[in-house]
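Listing of coords_36.txt; format and content: compact mmCIF, C-alpha atoms and all ligand atoms.
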```
# COMPACT_ATOMS: atom_id res chain seq x y z
CA MET A 1 31.53 -20.28 14.19
CA GLU A 2 27.74 -20.31 14.06
CA ARG A 3 26.31 -18.86 10.83
CA GLU A 4 24.20 -15.74 11.35
CA ARG A 5 20.50 -16.46 10.89
CA GLU A 6 18.90 -15.43 7.59
CA GLN A 7 16.63 -12.39 7.90
CA ILE A 8 13.61 -11.95 5.66
CA ALA A 9 12.06 -8.62 4.71
CA GLY A 10 9.88 -7.00 2.07
CA LEU A 11 11.56 -4.56 -0.30
CA TYR A 12 9.69 -1.40 -1.28
CA ILE A 13 11.06 0.70 -4.15
CA HIS A 14 9.66 4.19 -4.54
CA ILE A 15 9.43 5.65 -8.04
CA PRO A 16 8.57 9.30 -7.38
CA PHE A 17 7.56 10.37 -10.91
CA CYS A 18 4.09 11.26 -12.17
CA ARG A 19 2.92 12.73 -15.44
CA SER A 20 0.71 15.19 -13.60
CA LYS A 21 -0.62 15.53 -10.08
CA CYS A 22 -4.03 14.03 -9.22
CA TYR A 23 -6.06 16.57 -7.26
CA TYR A 24 -6.50 14.39 -4.17
CA CYS A 25 -2.91 13.24 -3.84
CA ASP A 26 -0.29 14.41 -1.37
CA PHE A 27 2.30 11.65 -1.95
CA TYR A 28 5.76 12.85 -2.80
CA SER A 29 6.07 12.87 -6.58
CA ILE A 30 7.56 15.09 -9.25
CA GLN A 31 7.20 15.58 -12.98
CA TYR A 32 8.75 12.75 -15.00
CA ASP A 33 12.05 13.59 -16.68
CA ASP A 34 14.13 11.07 -18.70
CA ALA A 35 17.57 12.29 -17.61
CA LEU A 36 16.57 12.50 -13.96
CA ALA A 37 14.93 9.06 -14.06
CA ASP A 38 18.20 7.64 -15.43
CA LYS A 39 20.21 9.03 -12.51
CA TYR A 40 17.54 8.04 -10.02
CA ILE A 41 17.61 4.38 -11.09
CA ASP A 42 21.40 4.38 -10.58
CA ALA A 43 20.88 5.85 -7.09
CA LEU A 44 18.30 3.16 -6.28
CA ILE A 45 20.62 0.38 -7.42
CA SER A 46 23.45 1.78 -5.38
CA GLU A 47 21.22 2.14 -2.28
CA PHE A 48 20.02 -1.45 -2.74
CA PHE A 49 23.58 -2.79 -2.88
CA SER A 50 24.63 -0.73 0.16
CA VAL A 51 21.78 -2.29 2.12
CA CYS A 52 22.80 -5.78 0.96
CA GLU A 53 26.41 -5.11 1.89
CA GLN A 54 25.48 -3.89 5.35
CA PHE A 55 23.09 -6.80 6.02
CA GLN A 56 24.82 -9.85 4.59
CA ASN A 57 22.08 -12.26 5.67
CA LEU A 58 19.13 -10.26 4.47
CA TYR A 59 16.80 -11.77 1.84
CA PHE A 60 13.56 -10.50 0.31
CA ASP A 61 10.44 -12.55 -0.27
CA THR A 62 8.39 -9.62 -1.62
CA VAL A 63 9.33 -6.66 -3.80
CA TYR A 64 6.94 -3.79 -4.41
CA LEU A 65 7.50 -1.02 -6.95
CA GLY A 66 5.23 1.81 -5.92
CA GLY A 67 4.95 5.50 -6.48
CA GLY A 68 4.42 7.88 -7.98
CA THR A 69 3.92 6.07 -11.24
CA PRO A 70 6.33 3.19 -11.86
CA SER A 71 4.63 2.58 -15.22
CA LEU A 72 6.31 5.78 -16.50
CA LEU A 73 9.71 4.08 -16.44
CA SER A 74 11.04 2.97 -19.80
CA HIS A 75 11.60 -0.72 -20.41
CA ARG A 76 15.36 -0.07 -20.35
CA LEU A 77 15.27 1.51 -16.88
CA LEU A 78 12.87 -1.01 -15.43
CA SER A 79 14.95 -3.92 -16.67
CA LYS A 80 18.17 -2.28 -15.43
CA LEU A 81 16.67 -1.91 -11.94
CA LEU A 82 15.10 -5.36 -11.73
CA GLY A 83 18.11 -6.99 -13.39
CA ALA A 84 20.36 -5.60 -10.63
CA ILE A 85 17.97 -6.83 -7.95
CA PHE A 86 17.68 -10.32 -9.45
CA ASN A 87 21.44 -10.57 -9.91
CA SER A 88 22.01 -9.80 -6.25
CA ASN A 89 20.75 -13.29 -5.39
CA ARG A 90 18.85 -11.79 -2.46
CA LEU A 91 15.38 -12.75 -3.68
CA LYS A 92 13.75 -15.82 -2.20
CA GLU A 93 12.13 -18.40 -4.41
CA ASN A 94 8.51 -17.55 -5.25
CA CYS A 95 9.16 -13.91 -4.43
CA GLU A 96 6.05 -11.78 -4.95
CA ILE A 97 7.07 -8.94 -7.28
CA SER A 98 4.42 -6.24 -7.61
CA ILE A 99 4.30 -3.07 -9.65
CA GLU A 100 1.84 -0.19 -9.48
CA SER A 101 0.68 1.27 -12.74
CA ASN A 102 -1.76 3.79 -14.04
CA PRO A 103 -3.77 2.48 -17.01
CA ALA A 104 -0.91 2.10 -19.49
CA LYS A 105 -0.23 1.07 -23.06
CA GLY A 106 -0.38 -2.67 -23.82
CA GLU A 107 3.36 -3.20 -24.31
CA PHE A 108 4.05 -2.10 -20.74
CA TYR A 109 2.20 -5.10 -19.32
CA LYS A 110 3.97 -7.54 -21.63
CA GLN A 111 7.33 -6.03 -20.66
CA CYS A 112 6.50 -6.36 -16.96
CA ALA A 113 5.59 -10.02 -17.38
CA ASP A 114 8.82 -10.60 -19.36
CA LEU A 115 10.72 -9.04 -16.45
CA LYS A 116 9.20 -11.66 -14.10
CA ILE A 117 6.93 -9.20 -12.31
CA ASN A 118 4.08 -11.40 -11.09
CA ARG A 119 1.58 -9.01 -9.51
CA LEU A 120 0.09 -5.91 -11.05
CA SER A 121 -1.77 -3.12 -9.30
CA ILE A 122 -3.67 -0.70 -11.53
CA GLY A 123 -4.97 2.65 -10.25
CA ILE A 124 -8.45 2.66 -11.75
CA GLN A 125 -10.14 4.78 -9.00
CA SER A 126 -13.50 4.99 -10.79
CA LEU A 127 -15.06 4.15 -14.12
CA SER A 128 -17.11 7.33 -14.31
CA ASP A 129 -15.51 9.83 -16.71
CA SER A 130 -16.95 12.81 -14.83
CA ILE A 131 -15.42 11.58 -11.56
CA LEU A 132 -12.06 10.79 -13.18
CA ASN A 133 -12.07 14.31 -14.57
CA LEU A 134 -13.01 15.84 -11.23
CA ILE A 135 -10.12 14.15 -9.43
CA GLY A 136 -7.58 14.92 -12.16
CA ARG A 137 -6.76 11.41 -13.32
CA GLY A 138 -4.91 11.18 -16.63
CA HIS A 139 -7.13 8.43 -18.06
CA ASN A 140 -10.77 7.87 -18.90
CA ALA A 141 -13.00 4.85 -18.24
CA ARG A 142 -12.48 3.34 -21.71
CA GLU A 143 -8.69 3.47 -21.34
CA ALA A 144 -8.93 1.90 -17.90
CA ILE A 145 -10.98 -1.04 -19.19
CA GLN A 146 -8.64 -1.49 -22.16
CA ALA A 147 -5.68 -1.58 -19.80
CA LEU A 148 -7.37 -4.26 -17.68
CA GLU A 149 -8.20 -6.31 -20.78
CA ILE A 150 -4.61 -6.24 -22.04
CA ALA A 151 -3.06 -6.73 -18.59
CA GLY A 152 -5.28 -9.81 -18.16
CA LYS A 153 -3.47 -11.48 -21.08
CA TYR A 154 -0.18 -11.36 -19.19
CA PHE A 155 -1.13 -11.39 -15.50
CA ASP A 156 -3.19 -13.67 -13.35
CA ASN A 157 -2.66 -11.64 -10.19
CA ILE A 158 -4.17 -8.19 -10.79
CA ASN A 159 -5.30 -5.63 -8.24
CA ALA A 160 -7.41 -2.59 -9.06
CA ASP A 161 -7.58 0.42 -6.74
CA ILE A 162 -10.86 2.27 -6.41
CA ILE A 163 -11.75 5.31 -4.29
CA ILE A 164 -14.94 5.70 -2.25
CA GLY A 165 -16.19 9.09 -1.05
CA ILE A 166 -15.45 11.34 -4.03
CA PRO A 167 -17.71 14.43 -4.36
CA SER A 168 -20.77 13.66 -6.53
CA GLN A 169 -20.09 9.90 -6.40
CA THR A 170 -23.16 7.71 -6.00
CA LYS A 171 -23.83 4.13 -4.97
CA LEU A 172 -24.59 3.40 -8.61
CA ASP A 173 -21.09 4.60 -9.61
CA ILE A 174 -19.54 2.21 -7.12
CA GLU A 175 -21.72 -0.64 -8.30
CA ASN A 176 -20.90 -0.02 -11.98
CA THR A 177 -17.20 0.36 -11.34
CA LEU A 178 -16.97 -2.85 -9.33
CA GLY A 179 -19.14 -4.76 -11.81
CA LEU A 180 -16.82 -3.80 -14.67
CA ILE A 181 -13.48 -4.40 -12.96
CA MET A 182 -14.18 -7.60 -11.01
CA PRO A 183 -13.96 -9.96 -14.01
CA PHE A 184 -10.35 -8.86 -14.59
CA THR A 185 -9.08 -8.88 -11.03
CA LYS A 186 -8.28 -11.15 -8.10
CA HIS A 187 -7.78 -8.30 -5.64
CA ILE A 188 -9.49 -4.96 -5.12
CA SER A 189 -8.36 -2.15 -2.85
CA ALA A 190 -11.30 0.12 -2.01
CA TYR A 191 -9.94 3.18 -0.24
CA ILE A 192 -12.13 5.72 1.49
CA LEU A 193 -10.98 9.14 0.33
CA LYS A 194 -9.03 11.02 2.99
CA LEU A 195 -7.93 14.45 1.88
CA SER A 196 -4.94 16.17 3.38
CA ASP A 197 -5.32 19.96 3.70
CA GLU A 198 -2.40 20.34 1.30
CA SER A 199 -3.93 18.53 -1.68
CA PRO A 200 -5.81 20.69 -4.23
CA MET A 201 -9.11 18.97 -3.38
CA GLY A 202 -8.40 19.31 0.34
CA LYS A 203 -7.87 23.06 -0.06
CA LYS A 204 -11.14 23.41 -1.99
CA ALA A 205 -13.05 21.35 0.59
CA ARG A 206 -11.63 23.46 3.42
CA CYS A 207 -13.04 26.69 1.94
CA SER A 208 -16.32 25.02 0.90
CA GLN A 209 -15.62 25.23 -2.82
CA MET A 210 -16.07 21.47 -2.97
CA HIS A 211 -18.54 19.42 -0.96
CA LEU A 212 -17.60 15.97 0.23
CA PRO A 213 -20.29 13.30 0.60
CA SER A 214 -21.69 12.88 4.11
CA ASP A 215 -20.20 10.21 6.42
CA ASP A 216 -23.47 8.27 6.14
CA LEU A 217 -23.32 8.19 2.36
CA VAL A 218 -19.65 7.14 2.43
CA ALA A 219 -20.52 4.35 4.88
CA ASP A 220 -23.40 3.24 2.60
CA MET A 221 -21.11 3.19 -0.45
CA TYR A 222 -18.50 1.20 1.48
CA GLU A 223 -21.13 -1.30 2.68
CA LEU A 224 -22.38 -1.69 -0.86
CA ALA A 225 -18.83 -2.38 -2.05
CA TYR A 226 -18.37 -4.89 0.78
CA ASP A 227 -21.62 -6.73 -0.08
CA LYS A 228 -20.96 -6.81 -3.80
CA LEU A 229 -17.36 -7.96 -3.40
CA SER A 230 -18.34 -10.66 -0.89
CA MET A 231 -21.07 -11.89 -3.22
CA TYR A 232 -18.46 -12.45 -5.95
CA GLY A 233 -15.97 -14.25 -3.69
CA PHE A 234 -13.71 -11.35 -2.73
CA ASN A 235 -13.03 -11.65 1.00
CA ARG A 236 -12.09 -8.60 3.01
CA TYR A 237 -8.81 -9.27 4.80
CA GLU A 238 -7.99 -5.66 5.68
CA ILE A 239 -10.34 -2.74 6.04
CA SER A 240 -9.67 -1.53 2.46
CA ASN A 241 -8.46 -4.74 0.83
CA PHE A 242 -10.41 -7.62 -0.66
CA SER A 243 -9.14 -10.67 -2.50
CA VAL A 244 -10.22 -14.03 -3.80
CA ALA A 245 -8.67 -16.95 -1.90
CA ASN A 246 -4.86 -16.82 -1.63
CA TYR A 247 -4.48 -13.62 -3.65
CA PHE A 248 -3.93 -11.25 -0.72
CA SER A 249 -0.96 -8.90 -1.06
CA ARG A 250 1.91 -10.61 0.72
CA HIS A 251 3.93 -7.42 0.67
CA ASN A 252 1.25 -5.16 2.15
CA MET A 253 0.46 -7.76 4.78
CA LYS A 254 3.93 -7.11 6.19
CA TYR A 255 2.96 -3.49 6.95
CA TRP A 256 -0.16 -4.46 8.87
CA ALA A 257 1.59 -7.26 10.73
CA CYS A 258 4.63 -5.03 11.52
CA TRP A 259 7.14 -7.31 9.84
CA ASN A 260 10.44 -6.07 8.43
CA THR A 261 10.18 -3.92 5.31
CA ILE A 262 12.96 -1.92 3.75
CA GLY A 263 12.05 1.05 1.58
CA ILE A 264 14.54 2.40 -0.90
CA GLY A 265 14.20 5.62 -2.88
CA ALA A 266 13.13 9.16 -2.11
CA ALA A 267 10.42 9.36 0.59
CA ALA A 268 10.48 5.59 1.11
CA HIS A 269 9.67 4.33 4.62
CA SER A 270 11.19 1.37 6.40
CA PHE A 271 10.50 -0.70 9.49
CA PHE A 272 13.49 -2.79 10.32
CA ASN A 273 14.42 -4.61 13.52
CA GLY A 274 12.01 -2.48 15.56
CA VAL A 275 13.09 0.85 14.07
CA ARG A 276 10.84 2.99 11.89
CA PHE A 277 12.43 5.59 9.62
CA SER A 278 12.19 7.28 6.22
CA ASN A 279 14.44 8.53 3.45
CA ALA A 280 14.57 12.20 2.44
CA SER A 281 11.34 13.18 0.70
CA ASP A 282 13.22 15.16 -1.90
CA ILE A 283 14.85 13.50 -4.87
CA ASN A 284 17.94 15.74 -4.83
CA ARG A 285 18.60 15.26 -1.13
CA TYR A 286 18.04 11.55 -1.59
CA MET A 287 20.50 11.35 -4.47
CA LEU A 288 23.03 13.22 -2.35
CA GLY A 289 22.91 10.36 0.12
CA GLU A 290 20.03 10.79 2.63
CA SER A 291 18.99 7.19 2.25
CA PHE A 292 18.30 3.99 4.19
CA LEU A 293 21.66 3.52 5.83
CA THR A 294 22.24 7.15 6.79
CA THR A 295 18.79 7.48 8.35
CA TYR A 296 18.91 4.00 9.93
CA ASP A 297 22.12 4.83 11.72
CA LYS A 298 20.73 8.10 13.05
CA THR A 299 17.31 6.88 14.10
CA LEU A 300 16.55 6.23 17.74
CA ILE A 301 14.57 3.13 18.56
CA PRO A 302 11.06 4.33 19.36
CA ASP A 303 9.57 3.87 22.74
CA LYS A 304 8.04 0.39 23.31
CA LYS A 305 4.70 1.97 24.13
CA GLU A 306 4.65 3.67 20.73
CA LEU A 307 5.48 0.43 18.95
CA LEU A 308 2.81 -1.43 20.90
CA PHE A 309 0.17 1.12 19.93
CA GLU A 310 1.23 0.96 16.28
CA GLU A 311 1.02 -2.80 16.29
CA ILE A 312 -2.47 -2.70 17.84
CA MET A 313 -3.67 0.01 15.47
CA LEU A 314 -2.41 -1.82 12.36
CA GLY A 315 -3.62 -5.24 13.57
CA LEU A 316 -7.13 -3.89 14.17
CA ARG A 317 -7.33 -3.08 10.46
CA LEU A 318 -7.16 -6.79 9.69
CA GLU A 319 -10.29 -8.89 9.39
CA SER A 320 -8.49 -11.55 11.46
CA GLY A 321 -7.52 -8.94 14.08
CA LEU A 322 -4.55 -8.93 16.43
CA ASP A 323 -2.50 -11.98 17.23
CA VAL A 324 -2.64 -11.63 21.01
CA LEU A 325 -0.03 -14.31 21.77
CA SER A 326 2.49 -12.75 19.45
CA ILE A 327 1.90 -9.29 21.00
CA ASN A 328 2.30 -10.74 24.49
CA LYS A 329 5.57 -12.40 23.51
CA LYS A 330 6.97 -9.42 21.63
CA PHE A 331 6.15 -6.81 24.28
CA GLY A 332 6.30 -8.94 27.41
CA ILE A 333 2.74 -8.09 28.41
CA ASP A 334 -0.57 -9.79 29.06
CA PHE A 335 -2.70 -7.93 26.51
CA LEU A 336 -6.04 -9.09 27.95
CA SER A 337 -5.34 -7.95 31.49
CA ARG A 338 -3.40 -4.81 30.56
CA PHE A 339 -6.32 -3.56 28.43
CA SER A 340 -9.16 -5.26 30.34
CA SER A 341 -11.12 -2.04 30.93
CA VAL A 342 -10.83 -1.01 27.25
CA ILE A 343 -11.85 -4.50 26.15
CA ASP A 344 -14.91 -4.29 28.45
CA ARG A 345 -15.84 -0.88 27.06
CA LEU A 346 -15.58 -2.19 23.49
CA LYS A 347 -17.92 -5.17 24.02
CA GLY A 348 -20.33 -5.34 21.08
CA ILE A 349 -17.76 -3.64 18.81
CA ALA A 350 -14.71 -5.87 19.19
CA GLU A 351 -14.15 -9.32 20.66
CA TYR A 352 -11.47 -11.79 21.76
CA LYS A 353 -11.76 -15.24 20.24
CA ASP A 354 -9.30 -18.07 19.61
CA GLY A 355 -6.21 -16.02 20.39
CA ARG A 356 -7.20 -13.02 18.28
CA TYR A 357 -8.70 -9.70 19.27
CA LYS A 358 -10.77 -8.32 16.42
CA ILE A 359 -13.32 -5.72 15.48
CA LEU A 360 -16.65 -7.30 14.52
CA SER A 361 -17.07 -7.38 10.75
CA SER A 362 -20.10 -5.09 10.81
CA LYS A 363 -18.20 -2.47 12.89
CA MET A 364 -15.01 -2.33 10.85
CA LEU A 365 -15.52 1.31 9.86
CA LEU A 366 -15.09 2.25 13.54
CA GLU A 367 -11.48 1.06 13.36
CA SER A 368 -9.81 4.48 14.00
CA ALA A 369 -12.04 5.20 17.00
CA VAL A 370 -11.41 1.71 18.41
CA ALA A 371 -7.64 2.06 17.99
CA VAL A 372 -7.58 5.36 19.90
CA GLU A 373 -9.04 3.56 22.94
CA PHE A 374 -5.73 1.67 23.23
CA LEU A 375 -3.62 4.81 23.57
CA ASP A 376 -2.40 4.75 27.14
S1 LIG B 401 -2.40 9.43 -7.13
FE1 LIG B 401 -0.70 8.30 -7.99
S2 LIG B 401 -0.61 9.01 -10.13
FE2 LIG B 401 -1.85 10.50 -9.03
S3 LIG B 401 -0.37 12.07 -8.40
FE3 LIG B 401 -0.55 10.63 -6.70
S4 LIG B 401 1.09 9.20 -6.98
FE4 LIG B 401 0.81 10.29 -8.95
```
Give the structure from this file in structure tokens form.
Ligand code: SF4
Amino acid sequence: MEREREQIAGLYIHIPFCRSKCYYCDFYSIQYDDALADKYIDALISEFFSVCEQFQNLYFDTVYLGGGTPSLLSHRLLSKLLGAIFNSNRLKENCEISIESNPAKGEFYKQCADLKINRLSIGIQSLSDSILNLIGRGHNAREAIQALEIAGKYFDNINADIIIGIPSQTKLDIENTLGLIMPFTKHISAYILKLSDESPMGKKARCSQMHLPSDDLVADMYELAYDKLSMYGFNRYEISNFSVANYFSRHNMKYWACWNTIGIGAAAHSFFNGVRFSNASDINRYMLGESFLTTYDKTLIPDKKELLFEEIMLGLRLESGLDVLSINKKFGIDFLSRFSSVIDRLKGIAEYKDGRYKILSSKMLLESAVAVEFLD
């Protein structure tokens, strides 16, 4: 009998605990609690093994612990979780294992390195104390720099997140922040602030109690970040992500390229064999069993048109653009003729070259507007 072919995916593990809520955030997270975290790790391990049992030929070449705040987990819980995953023998050689952290105490980074985590992502956001205070971060600039210094002793592959477009932020803030973090990092994610109406800052902005910077100023700050990062060898490979050569996030690349990713934990999302679905965004419902396998079984395969649009929208975020041949093959279409009128309309903003359809570098901020043109 022919052996079933090995399937490769990325594994996302959601740790939904935070010490307090940042004012701009609408991710699912709850207050950290030791006893609850203990039970939650057991639920994650059991979900992981159920997935492995169901898909006997599934292997992971990236693992990403995100949140929430994974750095709140004790060493005991983190090693219990990762120990179970390593012992499953489902990780490929050279697996990228990333963890998100807020600026944490030094021993955390050493413990992560001892646990064979090989990529660290630190939520710095800004190195202006007044901005950190305004957005409700639990650290100040000095603590953030200290965390980077210590993390640098244990990790070569470090990402720092920063946010662009915070009220009162200036180009000088962006320049200072980047200047201080670049020496410690190989990857920088520079996100433009998008507030949901439900976040505390979103509510304030909606009733004019807080004034967001103008679109022009945000674009200027983004351009400044782009120029400064390029000057120091950080290449943009996705609209918000910059890395020095070969240090791009292999895990996140799977989201933009629409490759298989399995998310375990409360509120985790998955895309697997053409099906997109998510676990219960409530820790209690999740622990009662609303997890990957229950939702996977119930989910209907989305319409091909929807999947095609998603693939175009995500691919346009990449500096390298869409792989037209792969889209043609996957969806049985001829992309260039199917969208010929849109492609004509977008001349001067996006172009087709060497098998890829991409937004011109200087027009990248128009990405959402360009993507909408492909809705048919
Ligand atoms: S931004 Fe991160 S640390 Fe802050 S509340 Fe959201 S998930 Fe928690």
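Contacts with ligand LIG 401 (chain B) are defined as any residue atom within 8 Å of a ligand atom, using only C-alpha atoms and all ligand atoms; the residues meeting this criterion are A:Pro16, A:Phe17, A:Cys18, A:Arg19, A:Ser20, A:Lys21, A:Cys22, A:Tyr23, A:Tyr24, A:Cys25, A:Asp26, A:Phe27, A:Tyr28, A:Ser29, A:Gly67, A:Gly68, A:Thr69, A:Asn102, A:Gly123, A:Gly136, A:Arg137.
Ranking A:Ala113, A:Glu351, A:Ile166, A:Ile174 by their shortest atom-to-atom distance to Ala205 of chain A, with all atoms listed in the file included, puts A:Ile166 first.
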(request) Compile the contact shell of Met313 of chain A as an MDAnalysis selection string: residues with an atom at most 10 Å away, counting all atoms listed in the file, same-chain residues fewer than 6 positions apart removed. (result) chainID A and resid 256 307 321:322 367:375
(message) Taking all atoms listed in the file into account, name the residue in A:Leu120, A:Leu73, A:Ile131, A:Ala84 that is nearest to Ile158 of chain A.
(response)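 With all atoms listed in the file as the atom set, the closest residue is A:Leu120.
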Residue neighbourhood Ala37 of chain A, 12 Å, only C-alpha atoms, exclusion window fewer than 5 positions, as a PDB file with C-alpha atoms, in the coordinates of the input:
```pdb
ATOM      1  CA  HIS A  14       9.660   4.190  -4.540  1.00  0.00           C
ATOM      2  CA  ILE A  15       9.430   5.650  -8.040  1.00  0.00           C
ATOM      3  CA  PRO A  16       8.570   9.300  -7.380  1.00  0.00           C
ATOM      4  CA  PHE A  17       7.560  10.370 -10.910  1.00  0.00           C
ATOM      5  CA  CYS A  18       4.090  11.260 -12.170  1.00  0.00           C
ATOM      6  CA  ILE A  30       7.560  15.090  -9.250  1.00  0.00           C
ATOM      7  CA  GLN A  31       7.200  15.580 -12.980  1.00  0.00           C
ATOM      8  CA  TYR A  32       8.750  12.750 -15.000  1.00  0.00           C
ATOM      9  CA  ASP A  42      21.400   4.380 -10.580  1.00  0.00           C
ATOM     10  CA  ALA A  43      20.880   5.850  -7.090  1.00  0.00           C
ATOM     11  CA  LEU A  44      18.300   3.160  -6.280  1.00  0.00           C
ATOM     12  CA  THR A  69       3.920   6.070 -11.240  1.00  0.00           C
ATOM     13  CA  PRO A  70       6.330   3.190 -11.860  1.00  0.00           C
ATOM     14  CA  LEU A  72       6.310   5.780 -16.500  1.00  0.00           C
ATOM     15  CA  LEU A  73       9.710   4.080 -16.440  1.00  0.00           C
ATOM     16  CA  SER A  74      11.040   2.970 -19.800  1.00  0.00           C
ATOM     17  CA  ARG A  76      15.360  -0.070 -20.350  1.00  0.00           C
ATOM     18  CA  LEU A  77      15.270   1.510 -16.880  1.00  0.00           C
ATOM     19  CA  LEU A  78      12.870  -1.010 -15.430  1.00  0.00           C
ATOM     20  CA  LYS A  80      18.170  -2.280 -15.430  1.00  0.00           C
ATOM     21  CA  LEU A  81      16.670  -1.910 -11.940  1.00  0.00           C
ATOM     22  CA  GLY A 265      14.200   5.620  -2.880  1.00  0.00           C
ATOM     23  CA  ILE A 283      14.850  13.500  -4.870  1.00  0.00           C
ATOM     24  CA  ASN A 284      17.940  15.740  -4.830  1.00  0.00           C
ATOM     25  CA  MET A 287      20.500  11.350  -4.470  1.00  0.00           C
TER      26      MET A 287
END
```
(request) Could you check which of A:Ile188, A:Ile85, A:Leu217, A:Ala266 is closest to Ser230 of chain A, using all atoms listed in the file? (result)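 Among A:Ile188, A:Ile85, A:Leu217, A:Ala266, it is A:Ile188 that comes nearest to Ser230 of chain A.
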(request) Using all atoms listed in the file, determine which residues lie at most 12 Å from segment 142-154 of chain A, disregarding the query and same-chain residues fewer than 6 positions distant; provide the list as a VMD selection string. (result) chain A and resid 101 to 129 132 160 to 162 177 to 186
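Minimum atom-to-atom distances from A:Glu319, A:Asp61, A:Asp354, A:Asp282 to Arg236 of chain A were compared using all atoms listed in the file, and the lowest value belongs to A:Glu319.
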(request) Identify the residues around (18.0, -14.6, 7.9) within a radius of 10 Å, measuring from only C-alpha atoms in the coordinates stated by the file, and give them as a PyMOL selection string. (result) chain A and resi 3-9+55-60
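Here atom CA of Tyr222 of chain A stands at a distance of 21.0 Å from atom CA of Tyr247 of chain A.
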(request) Would you work out the distance separating atom CA of Gly274 of chain A from atom CA of Leu366 of chain A, expressed in Å to one decimal? (result)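 Those two atoms sit 27.6 Å apart.
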(message) Taking all atoms listed in the file into account, name the residue in A:Tyr226, A:Phe49, A:Phe309, A:Tyr237 that is nearest to Asn252 of chain A.
(response)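 Nearest candidate to Asn252 of chain A out of A:Tyr226, A:Phe49, A:Phe309, A:Tyr237: A:Tyr237.
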(request) Within 7 Å of Ser291 of chain A, counting all atoms listed in the file, which residues show up once you throw out same-chain ones fewer than 5 positions away? Write them as number ranges by chain, please. (result) A: 279-280, 286
(request) Quote the spacing between atom CA of Phe331 of chain A and atom CA of Lys304 of chain A in Å to one decimal place. (result)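 Computed distance, atom CA of Phe331 of chain A to atom CA of Lys304 of chain A, equals 7.5 Å.
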(message) For a quick check of understanding, using only C-alpha atoms, which of A:Leu308, A:Ile13, A:Ile99, A:Ile135 has the smallest distance to Cys258 of chain A?
(response) A:Leu308
(request) Neighbourhood query: residues within 9 Å of (-10.1, -13.5, 18.4), file coordinates, counting all atoms listed in the file; return as number ranges by chain. (result) A: 320-324, 350-359
Could you write those residues out with C-alpha atoms, as a tab-separated table (two decimals), in the coordinates of the input?
```tsv
chain	number	residue	atom	x	y	z
A	320	SER	CA	-8.49	-11.55	11.46
A	321	GLY	CA	-7.52	-8.94	14.08
A	322	LEU	CA	-4.55	-8.93	16.43
A	323	ASP	CA	-2.50	-11.98	17.23
A	324	VAL	CA	-2.64	-11.63	21.01
A	350	ALA	CA	-14.71	-5.87	19.19
A	351	GLU	CA	-14.15	-9.32	20.66
A	352	TYR	CA	-11.47	-11.79	21.76
A	353	LYS	CA	-11.76	-15.24	20.24
A	354	ASP	CA	-9.30	-18.07	19.61
A	355	GLY	CA	-6.21	-16.02	20.39
A	356	ARG	CA	-7.20	-13.02	18.28
A	357	TYR	CA	-8.70	-9.70	19.27
A	358	LYS	CA	-10.77	-8.32	16.42
A	359	ILE	CA	-13.32	-5.72	15.48
```
Please build the interface table for segment 205-320 of chain A against segment 92-97 of chain A with a cut-off of 12 Å, listing for each qualifying residue the nearest atom pair and the distance in Å to one decimal; count only C-alpha atoms, order rows by chain and increasing number, and write it as a Markdown table.
```
| residue | atom | partner | partner_atom | distance |
| --- | --- | --- | --- | --- |
| A:Tyr247 | CA | A:Glu96 | CA | 10.8 |
| A:Phe248 | CA | A:Glu96 | CA | 10.9 |
| A:Ser249 | CA | A:Glu96 | CA | 8.5 |
| A:Arg250 | CA | A:Glu96 | CA | 7.1 |
| A:His251 | CA | A:Glu96 | CA | 7.4 |
| A:Asn252 | CA | A:Glu96 | CA | 10.8 |
| A:Met253 | CA | A:Glu96 | CA | 11.9 |
```
